[in-house]
$ cat work-v1.txt   # compact mmCIF, C-alpha atoms and all ligand atoms
# COMPACT_ATOMS: atom_id res chain seq x y z
CA MET T 1 131.06 77.97 134.71
CA THR T 2 132.20 75.71 137.48
CA LEU T 3 131.04 76.35 141.00
CA SER T 4 133.21 74.44 143.37
CA CYS T 5 131.82 73.38 146.69
CA LEU T 6 131.76 76.12 149.26
CA ILE T 7 130.89 74.07 152.30
CA TYR T 8 133.25 72.23 154.54
CA PHE T 9 133.11 68.45 154.75
CA ASP T 10 134.62 66.76 157.76
CA TYR T 11 136.22 63.36 157.83
CA THR T 12 132.97 61.59 158.77
CA GLU T 13 131.31 62.79 155.58
CA TYR T 14 134.03 61.30 153.36
CA HIS T 15 134.15 58.10 155.36
CA LEU T 16 130.39 57.66 155.18
CA GLY T 17 130.39 58.30 151.43
CA GLN T 18 133.04 55.64 150.88
CA LEU T 19 131.17 53.17 153.04
CA LYS T 20 127.98 53.73 151.10
CA ALA T 21 129.80 53.04 147.83
CA LYS T 22 131.29 49.83 149.31
CA ILE T 23 127.86 48.60 150.42
CA ALA T 24 126.26 49.44 147.06
CA LYS T 25 129.03 47.53 145.26
CA LEU T 26 128.72 44.45 147.44
CA ARG T 27 124.94 44.47 147.14
CA THR T 28 125.14 44.54 143.35
CA GLN T 29 127.50 41.54 143.38
CA LEU T 30 125.22 39.70 145.77
CA LEU T 31 122.10 40.29 143.72
CA GLU T 32 123.51 39.20 140.39
CA PRO T 33 121.41 36.25 139.29
CA PRO T 34 123.38 33.10 138.42
CA LYS T 35 124.44 33.00 134.77
CA GLY T 36 121.74 31.73 132.42
CA SER T 37 118.84 32.39 134.80
CA SER T 38 116.43 35.32 134.71
CA GLY T 39 116.48 35.51 138.48
CA ALA T 40 112.76 34.81 138.67
CA GLY T 41 112.76 31.13 139.69
CA GLU T 42 110.17 28.35 139.59
CA GLY T 43 106.56 29.50 139.78
CA PHE T 44 107.58 33.03 138.87
CA GLU T 45 108.45 32.73 135.18
CA VAL T 46 105.32 34.31 133.76
CA THR T 47 105.35 35.39 130.11
CA LYS T 48 104.64 39.04 129.47
CA PHE T 49 101.27 39.69 127.91
CA GLY T 50 99.30 42.74 126.79
CA HIS T 51 100.31 46.37 126.63
CA GLY T 52 101.77 46.68 130.11
CA ARG T 53 102.54 44.83 133.31
CA VAL T 54 101.57 45.77 136.85
CA ALA T 55 102.83 43.97 139.98
CA LEU T 56 100.96 43.70 143.28
CA ILE T 57 103.44 44.06 146.12
CA GLY T 58 102.62 44.00 149.80
CA PHE T 59 102.82 42.38 153.20
CA PRO T 60 100.97 39.07 153.62
CA SER T 61 97.17 39.17 153.89
CA VAL T 62 96.66 42.78 152.82
CA GLY T 63 94.27 41.60 150.09
CA LYS T 64 96.45 41.30 146.96
CA SER T 65 94.81 38.10 145.75
CA THR T 66 91.32 39.39 146.53
CA LEU T 67 92.14 42.47 144.43
CA LEU T 68 93.49 40.41 141.52
CA THR T 69 90.32 38.32 141.46
CA MET T 70 88.12 41.44 141.54
CA LEU T 71 89.98 43.32 138.80
CA THR T 72 90.72 40.50 136.39
CA GLY T 73 88.18 37.77 137.07
CA THR T 74 91.05 35.27 137.33
CA HIS T 75 90.73 33.40 140.60
CA SER T 76 93.63 33.66 143.00
CA GLU T 77 93.18 31.89 146.32
CA ALA T 78 92.49 34.32 149.18
CA ALA T 79 92.34 33.40 152.86
CA SER T 80 92.77 34.89 156.30
CA TYR T 81 96.12 33.18 156.92
CA GLU T 82 99.44 34.68 155.79
CA PHE T 83 101.36 33.41 152.75
CA THR T 84 98.29 31.98 151.03
CA THR T 85 99.83 32.85 147.67
CA LEU T 86 103.15 31.15 146.95
CA THR T 87 103.72 31.80 143.24
CA CYS T 88 103.07 34.48 140.65
CA ILE T 89 99.47 34.47 139.38
CA PRO T 90 98.74 36.54 136.26
CA GLY T 91 95.41 38.08 135.31
CA ILE T 92 94.30 40.50 132.59
CA ILE T 93 92.58 43.84 133.01
CA HIS T 94 90.67 45.11 129.97
CA TYR T 95 90.66 48.88 130.14
CA ASN T 96 90.39 51.65 127.52
CA ASP T 97 90.76 49.21 124.59
CA THR T 98 94.00 47.89 126.06
CA LYS T 99 95.04 44.80 127.96
CA ILE T 100 97.07 45.13 131.14
CA GLN T 101 98.71 42.15 132.79
CA LEU T 102 98.23 42.22 136.56
CA LEU T 103 100.45 39.95 138.67
CA ASP T 104 99.51 38.63 142.08
CA LEU T 105 102.55 37.73 144.16
CA PRO T 106 103.35 36.20 147.55
CA GLY T 107 103.43 38.62 150.46
CA ILE T 108 106.83 40.00 151.35
CA ILE T 109 108.24 40.97 154.72
CA GLU T 110 111.18 42.88 156.13
CA GLY T 111 114.37 41.24 154.90
CA ALA T 112 112.81 40.30 151.53
CA SER T 113 115.68 41.91 149.61
CA GLU T 114 118.09 39.59 151.42
CA GLY T 115 116.08 36.58 150.39
CA LYS T 116 113.65 36.16 153.29
CA GLY T 117 110.58 34.21 152.23
CA ARG T 118 110.18 34.48 148.47
CA GLY T 119 111.38 38.07 148.59
CA ARG T 120 114.01 37.73 145.87
CA GLN T 121 111.64 36.20 143.35
CA VAL T 122 108.90 38.70 144.14
CA ILE T 123 111.27 41.62 143.69
CA ALA T 124 112.67 40.20 140.44
CA VAL T 125 109.12 40.04 139.05
CA SER T 126 108.35 43.59 140.20
CA LYS T 127 111.45 44.80 138.42
CA SER T 128 110.09 43.34 135.18
CA SER T 129 106.87 45.35 135.56
CA ASP T 130 105.98 48.79 134.28
CA ILE T 131 104.45 50.01 137.51
CA VAL T 132 103.94 48.68 141.02
CA LEU T 133 100.78 48.71 143.10
CA MET T 134 101.92 48.60 146.71
CA VAL T 135 98.95 47.14 148.55
CA LEU T 136 98.72 48.18 152.21
CA ASP T 137 96.28 47.32 154.97
CA ALA T 138 94.65 50.61 156.02
CA SER T 139 94.16 49.25 159.53
CA LYS T 140 97.80 48.30 160.05
CA SER T 141 100.98 50.25 160.87
CA GLU T 142 101.88 53.02 158.50
CA GLY T 143 105.50 51.92 158.88
CA HIS T 144 104.78 49.09 156.45
CA ARG T 145 105.00 51.46 153.51
CA GLN T 146 108.49 52.61 154.55
CA ILE T 147 109.69 49.04 155.20
CA LEU T 148 108.60 47.88 151.75
CA THR T 149 110.03 50.96 150.05
CA LYS T 150 113.38 50.24 151.75
CA GLU T 151 113.33 46.61 150.67
CA LEU T 152 112.71 47.62 147.06
CA GLU T 153 115.34 50.37 147.22
CA ALA T 154 117.89 47.86 148.47
CA VAL T 155 117.66 46.02 145.17
CA GLY T 156 117.84 49.09 142.98
CA LEU T 157 114.19 50.00 142.55
CA ARG T 158 113.41 53.70 142.87
CA LEU T 159 109.75 54.45 143.38
CA ASN T 160 108.19 57.71 142.16
CA LYS T 161 111.60 59.30 141.64
CA THR T 162 113.31 60.64 138.56
CA PRO T 163 116.92 59.75 137.70
CA PRO T 164 119.46 62.14 139.30
CA GLN T 165 120.55 65.00 137.08
CA ILE T 166 124.18 63.92 136.97
CA TYR T 167 126.03 63.42 133.69
CA PHE T 168 128.55 60.59 134.07
CA LYS T 169 130.77 59.12 131.38
CA LYS T 170 133.72 56.78 131.80
CA LYS T 171 136.76 57.66 129.70
CA LYS T 172 139.89 55.82 128.62
CA THR T 173 142.30 58.59 129.63
CA GLY T 174 142.35 62.15 130.92
CA GLY T 175 141.73 61.64 134.63
CA ILE T 176 138.56 62.79 136.33
CA SER T 177 136.85 66.00 135.38
CA PHE T 178 134.40 67.16 138.04
CA ASN T 179 131.99 70.01 137.31
CA SER T 180 128.67 71.36 138.46
CA THR T 181 126.23 73.91 137.13
CA LEU T 182 125.19 75.03 140.62
CA ALA T 183 126.52 75.18 144.17
CA LEU T 184 126.62 71.73 145.77
CA THR T 185 125.91 71.07 149.43
CA HIS T 186 126.17 67.27 149.65
CA VAL T 187 129.12 66.26 147.49
CA ASP T 188 132.45 67.94 146.75
CA GLU T 189 135.25 67.07 144.35
CA LYS T 190 137.23 65.07 146.90
CA LEU T 191 134.24 62.97 147.93
CA CYS T 192 133.38 62.30 144.29
CA TYR T 193 136.99 61.18 143.62
CA GLN T 194 136.90 58.87 146.61
CA ILE T 195 133.70 57.23 145.48
CA LEU T 196 134.93 56.79 141.92
CA HIS T 197 138.15 55.38 143.35
CA GLU T 198 136.10 52.80 145.25
CA TYR T 199 134.75 51.68 141.86
CA LYS T 200 138.30 51.74 140.42
CA ILE T 201 137.29 54.48 138.01
CA HIS T 202 140.19 56.84 137.33
CA ASN T 203 139.10 58.49 134.10
CA ALA T 204 135.64 59.96 133.81
CA GLU T 205 133.57 63.06 133.22
CA VAL T 206 131.14 64.02 136.00
CA LEU T 207 128.76 66.95 135.75
CA PHE T 208 126.25 67.69 138.51
CA ARG T 209 123.18 69.46 137.14
CA GLU T 210 121.40 69.43 140.51
CA ASP T 211 122.40 69.48 144.18
CA ALA T 212 122.49 65.68 144.30
CA THR T 213 123.51 63.47 147.22
CA VAL T 214 126.15 60.75 147.58
CA ASP T 215 123.39 58.16 147.15
CA ASP T 216 122.36 59.78 143.87
CA LEU T 217 125.95 59.70 142.63
CA ILE T 218 126.26 56.01 143.54
CA ASP T 219 122.98 55.30 141.70
CA VAL T 220 124.37 56.95 138.58
CA ILE T 221 127.69 55.06 138.78
CA GLU T 222 125.96 51.73 139.41
CA GLY T 223 123.72 52.53 136.45
CA ASN T 224 121.33 49.60 137.01
CA ARG T 225 118.63 51.41 138.93
CA LYS T 226 115.06 51.11 137.79
CA TYR T 227 112.83 54.16 138.17
CA MET T 228 109.20 53.13 138.47
CA LYS T 229 105.89 54.66 139.31
CA CYS T 230 104.19 53.22 142.36
CA ILE T 231 100.63 53.64 143.56
CA TYR T 232 100.03 53.08 147.27
CA VAL T 233 96.75 51.19 147.54
CA TYR T 234 95.24 51.26 151.03
CA ASN T 235 92.82 48.34 151.16
CA LYS T 236 90.27 47.38 153.86
CA ILE T 237 89.00 50.90 154.50
CA ASP T 238 85.77 49.24 155.59
CA VAL T 239 87.41 48.48 158.94
CA VAL T 240 88.90 51.91 159.74
CA GLY T 241 87.39 55.24 160.79
CA ILE T 242 86.54 58.02 158.37
CA ASP T 243 89.37 60.24 159.70
CA ASP T 244 91.96 57.61 158.77
CA VAL T 245 90.40 57.17 155.34
CA ASP T 246 90.52 60.90 154.81
CA ARG T 247 94.16 61.19 155.91
CA LEU T 248 95.40 58.23 153.84
CA SER T 249 93.61 59.33 150.70
CA ARG T 250 95.34 62.72 150.82
CA GLN T 251 98.84 61.26 150.64
CA PRO T 252 100.61 61.58 147.30
CA ASN T 253 100.28 58.71 144.82
CA SER T 254 97.80 57.00 147.14
CA ILE T 255 94.31 55.63 146.82
CA VAL T 256 91.97 54.08 149.39
CA ILE T 257 89.85 51.06 148.46
CA SER T 258 87.82 48.25 149.92
CA CYS T 259 87.71 44.97 148.05
CA ASN T 260 85.00 43.70 150.38
CA LEU T 261 82.70 46.64 149.66
CA LYS T 262 83.92 47.09 146.04
CA LEU T 263 84.75 50.69 146.94
CA ASN T 264 86.80 52.96 144.68
CA LEU T 265 88.03 50.19 142.38
CA ASP T 266 87.10 52.23 139.29
CA ARG T 267 89.21 55.14 140.57
CA LEU T 268 92.08 52.74 141.18
CA LEU T 269 91.89 51.55 137.57
CA ALA T 270 91.85 55.12 136.27
CA LYS T 271 94.86 56.01 138.39
CA MET T 272 96.71 52.91 137.29
CA TRP T 273 96.00 53.66 133.63
CA GLU T 274 97.25 57.23 134.05
CA ALA T 275 100.45 56.10 135.79
CA MET T 276 101.22 53.66 132.98
CA GLY T 277 101.43 56.50 130.47
CA LEU T 278 100.03 54.47 127.58
CA VAL T 279 99.20 56.21 124.32
CA ARG T 280 96.55 54.82 121.97
CA ILE T 281 97.04 55.75 118.33
CA TYR T 282 94.34 55.03 115.76
CA THR T 283 95.59 54.49 112.23
CA LYS T 284 93.81 55.83 109.20
CA PRO T 285 94.62 54.23 105.84
CA GLN T 286 94.58 56.50 102.74
CA GLY T 287 91.03 57.24 101.61
CA GLN T 288 89.44 55.16 104.36
CA GLN T 289 87.89 55.57 107.77
CA PRO T 290 90.21 55.37 110.76
CA ASP T 291 90.37 52.00 112.47
CA PHE T 292 88.82 52.77 115.84
CA ALA T 293 88.49 49.13 116.77
CA GLU T 294 92.11 48.39 117.50
CA PRO T 295 94.55 51.13 118.47
CA VAL T 296 98.31 50.84 118.29
CA VAL T 297 99.31 51.10 121.94
CA LEU T 298 102.64 52.62 122.86
CA SER T 299 104.31 53.69 126.06
CA ALA T 300 104.82 57.44 126.36
CA GLY T 301 108.14 57.00 128.20
CA ARG T 302 109.99 60.05 129.41
CA GLY T 303 110.26 61.90 126.12
CA GLY T 304 106.68 61.16 125.02
CA CYS T 305 105.66 58.99 122.08
CA THR T 306 106.77 60.45 118.75
CA VAL T 307 105.64 59.78 115.19
CA GLU T 308 108.97 57.98 114.77
CA ASP T 309 108.22 55.65 117.72
CA PHE T 310 104.84 54.95 116.16
CA CYS T 311 106.36 54.12 112.75
CA ASN T 312 109.04 51.91 114.31
CA HIS T 313 106.34 50.01 116.15
CA ILE T 314 104.52 49.24 112.89
CA HIS T 315 107.61 48.26 110.88
CA ARG T 316 111.29 48.89 111.39
CA THR T 317 111.89 50.19 107.88
CA LEU T 318 108.78 52.35 107.69
CA VAL T 319 110.53 55.49 108.95
CA LYS T 320 112.62 55.62 105.76
CA GLU T 321 109.52 55.65 103.56
CA VAL T 322 107.61 58.37 105.40
CA LYS T 323 107.20 61.76 103.69
CA TYR T 324 105.08 63.16 106.52
CA VAL T 325 102.02 62.18 108.52
CA LEU T 326 98.58 63.70 108.96
CA VAL T 327 97.45 63.94 112.56
CA TRP T 328 94.03 64.52 114.14
CA GLY T 329 93.63 64.75 117.90
CA THR T 330 94.83 66.69 120.91
CA SER T 331 98.43 66.89 119.67
CA ALA T 332 97.34 68.61 116.42
CA ARG T 333 96.91 72.39 116.22
CA HIS T 334 94.47 72.10 113.31
CA TYR T 335 92.88 69.14 111.51
CA PRO T 336 94.60 67.43 109.88
CA GLN T 337 98.05 68.73 110.79
CA HIS T 338 101.04 67.83 108.63
CA CYS T 339 103.73 66.54 111.00
CA GLY T 340 107.25 65.21 110.84
CA LEU T 341 108.83 62.28 112.65
CA SER T 342 109.59 64.26 115.81
CA GLN T 343 105.96 65.22 116.51
CA VAL T 344 104.94 63.99 119.97
CA LEU T 345 101.65 62.10 119.73
CA GLN T 346 99.01 62.03 122.42
CA ASP T 347 96.54 59.46 123.62
CA GLU T 348 93.71 58.91 121.09
CA ASP T 349 95.36 60.72 118.19
CA VAL T 350 94.51 59.55 114.68
CA VAL T 351 97.46 59.20 112.30
CA GLN T 352 97.63 58.78 108.54
CA ILE T 353 101.04 58.05 107.07
CA VAL T 354 101.88 59.63 103.73
CA LYS T 355 104.75 57.76 102.11
CA LYS T 356 107.34 59.35 99.82
CA LYS T 357 106.01 57.69 96.66
CA GLU T 358 102.35 58.28 97.52
CA LYS T 359 100.12 61.18 96.59
CA ASP T 360 98.56 62.96 99.56
CA ASP T 361 94.79 62.47 99.51
CA GLY T 362 94.38 65.35 101.97
CA GLY T 363 93.07 63.02 104.62
CA ARG T 364 89.91 62.18 102.69
CA GLY T 365 87.51 59.43 103.66
CA ARG T 366 87.65 60.46 107.25
CA PHE T 367 85.22 60.35 110.11
CA LYS T 368 82.01 60.01 108.11
CA SER T 369 80.52 58.29 111.08
CA HIS T 370 81.66 59.70 114.39
CA SER T 371 79.83 57.20 116.50
CA ASN T 372 82.89 55.29 117.61
CA ALA T 373 85.53 58.01 117.26
CA PRO T 374 87.45 58.97 120.39
CA ALA T 375 85.50 61.55 122.39
CA ARG T 376 88.17 64.24 122.12
CA ILE T 377 88.07 64.23 118.33
CA CYS T 378 84.26 64.30 118.25
CA ASP T 379 84.20 67.32 120.60
CA ARG T 380 86.67 69.16 118.44
CA GLU T 381 84.82 68.37 115.23
CA LYS T 382 81.53 69.59 116.63
CA LYS T 383 83.12 72.99 117.19
CA ALA T 384 84.93 73.11 113.85
CA PRO T 385 83.59 70.50 111.42
CA LEU T 386 86.06 69.07 108.96
CA LYS T 387 85.69 69.74 105.29
CA THR T 388 85.55 66.52 103.36
N1 LIG L 1 87.80 43.75 155.80
C1 LIG L 1 88.34 43.48 154.63
N2 LIG L 1 88.99 42.32 154.44
C2 LIG L 1 89.52 42.09 153.23
C3 LIG L 1 89.44 43.03 152.17
N3 LIG L 1 90.09 42.53 151.12
C4 LIG L 1 90.56 41.33 151.48
N4 LIG L 1 90.22 41.03 152.75
C5 LIG L 1 90.52 39.82 153.53
O1 LIG L 1 91.90 39.80 153.85
C6 LIG L 1 92.34 38.44 153.93
C7 LIG L 1 93.58 38.26 153.10
O2 LIG L 1 93.25 38.40 151.75
P1 LIG L 1 94.19 37.84 150.60
O3 LIG L 1 93.60 38.31 149.32
O4 LIG L 1 94.44 36.39 150.77
O5 LIG L 1 95.52 38.64 150.91
P2 LIG L 1 96.94 38.50 150.22
O6 LIG L 1 97.58 39.82 150.31
O7 LIG L 1 96.81 37.91 148.87
O8 LIG L 1 97.68 37.47 151.20
P3 LIG L 1 98.95 36.53 150.92
O9 LIG L 1 98.75 35.83 149.63
O10 LIG L 1 98.91 35.58 152.07
O11 LIG L 1 100.13 37.41 150.94
C8 LIG L 1 91.19 37.57 153.46
O12 LIG L 1 90.54 37.03 154.59
C9 LIG L 1 90.29 38.55 152.73
O13 LIG L 1 88.95 38.17 152.77
C10 LIG L 1 88.73 44.26 152.42
O14 LIG L 1 88.58 45.13 151.57
N5 LIG L 1 88.22 44.42 153.66
K K L 2 96.25 35.66 152.88
MG MG L 3 97.60 36.23 148.11
$ encode --input "work-v1.txt" --output "structure tokens"
Amino acid sequence: MTLSCLIYFDYTEYHLGQLKAKIAKLRTQLLEPPKGSSGAGEGFEVTKFGHGRVALIGFPSVGKSTLLTMLTGTHSEAASYEFTTLTCIPGIIHYNDTKIQLLDLPGIIEGASEGKGRGRQVIAVSKSSDIVLMVLDASKSEGHRQILTKELEAVGLRLNKTPPQIYFKKKKTGGISFNSTLALTHVDEKLCYQILHEYKIHNAEVLFREDATVDDLIDVIEGNRKYMKCIYVYNKIDVVGIDDVDRLSRQPNSIVISCNLKLNLDRLLAKMWEAMGLVRIYTKPQGQQPDFAEPVVLSAGRGGCTVEDFCNHIHRTLVKEVKYVLVWGTSARHYPQHCGLSQVLQDEDVVQIVKKKEKDDGGRGRFKSHSNAPARICDREKKAPLKT
């Protein structure tokens, strides 16, 4: 069913929508890196390493370098003057049997997205990361968080947001078909046409599945937005009052720390790990103990990490050979559970692949010694021991 828009838009609304589309278009053109370059620039071309990448973003002198040194042990010069750091400095965090690359970056200021300071390079590096830690000085203006969010939004980064629920597909013919599954209050058919017209799109299918805004529609048409998780890290809580600490720590996606007093750094690591959505899978060869020393580490992504993702990670042709898999862990209803390729795996699951030509050994040779098994599996086995 199509619900057309019931509200009345005046001229200003249409005009504003068109203007927004024009600005978004120009910005995209402006930000395109020159052909053949990654957009990062000298001092910023750091090779990816480990199971995930985290960027430290913030105003100058909020304590980014101090934090990198504390969390990774890699020294990054810290000092009381602004712009101490001028390039990208990588370090490694070892956490939960995984390696996370942490990147220290120069401080950025208002206007960074337009190239002020090393803003462009810093933002290009953040875009290549899996999550962002926005480091803020707890004693400074709270407006800093909004300024930085705006700078990152200007270059297509969307922090702690999910992609708009708008289906959009360009067509070769047929004109524009505009539909929605609910009443819309921000965009109507005419406004949508005008915006598509701005992009010289005359044939397309548009379906609104939520009451999205003009900005959401432009994001979907532009298609190059990056949706990332961001943790707001309020540093230097040693110099502010307890009321401020309390207030800041209650904000969503936020954590308060003090590098000087080594306060709350373990909680920061746990929060960072959680935000990264990594899934550790332990493999168990036929008739042998699981390999608890080195997990296969995958990113859960939006749809979760499936058995198929796991197989593809090991070898690209493996999927074709799989009859089914045996799974132990929180994703299994009973031990071991026979699963297909679509089973969504969870952190610390144990997986044994049974290939088409192989005989199922029933998961034998498992967990004789539980000493180094993931805690969740040990707990479960204590309650209902496995038959071997
Ligand atoms: N009081 C207090 N000072 C801190 C803390 N962490 C860092 N600092 C100080 O803040 C100053 C700036 O630290 P840096 O680590 O250089 O900050 P930065 O964000 O890397 O700065 P730029 O590289 O210039 O952007 C230094 O004098 C640090 O000693 C903290 O937890 N409390
Ligand atoms: K500094
Ligand atoms: Mg620094």
$ closest_residue --input "work-v1.txt" --among "T:Leu341, T:Val233, T:Leu326, T:Ile195" --to "Leu217 in chain T" --atoms "only C-alpha atoms"
T:Ile195
$ closest_residue --input "work-v1.txt" --among "T:Lys48, T:Arg225, T:Lys262, T:His15" --to "Leu103 in chain T" --atoms "all atoms listed in the file"
T:Lys48
$ closest_residue --input "work-v1.txt" --among "T:Ala300, T:Ile242, T:Val135, T:Leu318" --to "ligand LIG 1 (chain L)" --atoms "all atoms listed in the file"
T:Val135
$ residues_near_ligand --input "work-v1.txt" --ligand "ligand K 2 (chain L)" --cutoff "6 Å" --atoms "all atoms listed in the file" --output "PyMOL selection string"
chain T and resi 60-61+78-84
$ closest_atom_pairs --input "work-v1.txt" --of "chain T" --to "ligand MG 3 (chain L)" --cutoff "7 Å" --atoms "only C-alpha atoms and all ligand atoms" --output "CSV"
residue,atom,partner,partner_atom,distance
T:Ser61,CA,L:MG3,MG,6.5
T:Gly63,CA,L:MG3,MG,6.6
T:Lys64,CA,L:MG3,MG,5.3
T:Ser65,CA,L:MG3,MG,4.1
T:Ser76,CA,L:MG3,MG,7.0
T:Glu77,CA,L:MG3,MG,6.4
T:Ala78,CA,L:MG3,MG,5.6
T:Phe83,CA,L:MG3,MG,6.6
T:Thr84,CA,L:MG3,MG,5.2
T:Thr85,CA,L:MG3,MG,4.1
T:Asp104,CA,L:MG3,MG,6.8
T:Leu105,CA,L:MG3,MG,6.5
T:Pro106,CA,L:MG3,MG,5.8
T:Gly107,CA,L:MG3,MG,6.7
$ atom_distance --input "work-v1.txt" --atom1 "CA of Lys127 in chain T" --atom2 "CA of Leu263 in chain T"
28.6 Å
$ closest_residue --input "work-v1.txt" --among "T:Arg27, T:Lys170, T:Lys200, T:Lys236" --to "ligand LIG 1 (chain L)" --atoms "only C-alpha atoms and all ligand atoms"
T:Lys236
$ atom_distance --input "work-v1.txt" --atom1 "atom C4 of ligand LIG 1 (chain L)" --atom2 "CA of Gln121 in chain T"
23.2 Å
$ residues_around --input "work-v1.txt" --residues "range 164-169 of chain T" --least-positions-apart "6" --cutoff "7 Å" --atoms "all atoms listed in the file" --output "list of chain:residue names"
T:Ala204, T:Glu205, T:Val206, T:Leu207, T:Phe208, T:Arg209, T:Glu210, T:Ala212, T:Asp216
$ residues_near_point --input "work-v1.txt" --point "(119.7, 52.5, 138.4)" --cutoff "10 Å" --atoms "only C-alpha atoms" --output "list in words"
Val155, Gly156, Leu157, Arg158, Pro163, Pro164, Asp216, Ile218, Asp219, Val220, Ile221, Glu222, Gly223, Asn224, Arg225, Lys226 and Tyr227 of chain T
$ write_last_selection --input "work-v1.txt" --atoms "C-alpha atoms" --output "CSV table (one decimal), in the frame of the given file"
chain,number,residue,atom,x,y,z
T,155,VAL,CA,117.7,46.0,145.2
T,156,GLY,CA,117.8,49.1,143.0
T,157,LEU,CA,114.2,50.0,142.6
T,158,ARG,CA,113.4,53.7,142.9
T,163,PRO,CA,116.9,59.8,137.7
T,164,PRO,CA,119.5,62.1,139.3
T,216,ASP,CA,122.4,59.8,143.9
T,218,ILE,CA,126.3,56.0,143.5
T,219,ASP,CA,123.0,55.3,141.7
T,220,VAL,CA,124.4,57.0,138.6
T,221,ILE,CA,127.7,55.1,138.8
T,222,GLU,CA,126.0,51.7,139.4
T,223,GLY,CA,123.7,52.5,136.4
T,224,ASN,CA,121.3,49.6,137.0
T,225,ARG,CA,118.6,51.4,138.9
T,226,LYS,CA,115.1,51.1,137.8
T,227,TYR,CA,112.8,54.2,138.2
$ atom_distance --input "work-v1.txt" --atom1 "CA of Tyr11 in chain T" --atom2 "CA of Leu191 in chain T"
10.1 Å
$ closest_residue --input "work-v1.txt" --among "T:Glu189, T:Asp238, T:Glu153, T:Glu142" --to "ligand LIG 1 (chain L)" --atoms "all atoms listed in the file"
T:Asp238
$ residues_around --input "work-v1.txt" --residues "Gly41 in chain T" --least-positions-apart "4" --cutoff "10 Å" --atoms "only C-alpha atoms" --output "CSV table (one decimal) with C-alpha atoms, in the coordinates of the input"
chain,number,residue,atom,x,y,z
T,37,SER,CA,118.8,32.4,134.8
T,45,GLU,CA,108.4,32.7,135.2
T,87,THR,CA,103.7,31.8,143.2
T,118,ARG,CA,110.2,34.5,148.5
T,120,ARG,CA,114.0,37.7,145.9
T,121,GLN,CA,111.6,36.2,143.4
T,122,VAL,CA,108.9,38.7,144.1
T,124,ALA,CA,112.7,40.2,140.4
T,125,VAL,CA,109.1,40.0,139.0
$ residues_near_point --input "work-v1.txt" --point "(92.9, 56.5, 139.0)" --cutoff "12 Å" --atoms "all atoms listed in the file" --output "list in words"
Tyr95, Leu133, Ile231, Tyr232, Val233, Asn253, Ser254, Ile255, Val256, Ile257, Asn264, Leu265, Asp266, Arg267, Leu268, Leu269, Ala270, Lys271, Met272, Trp273, Glu274, Ala275 and Met276 of chain T
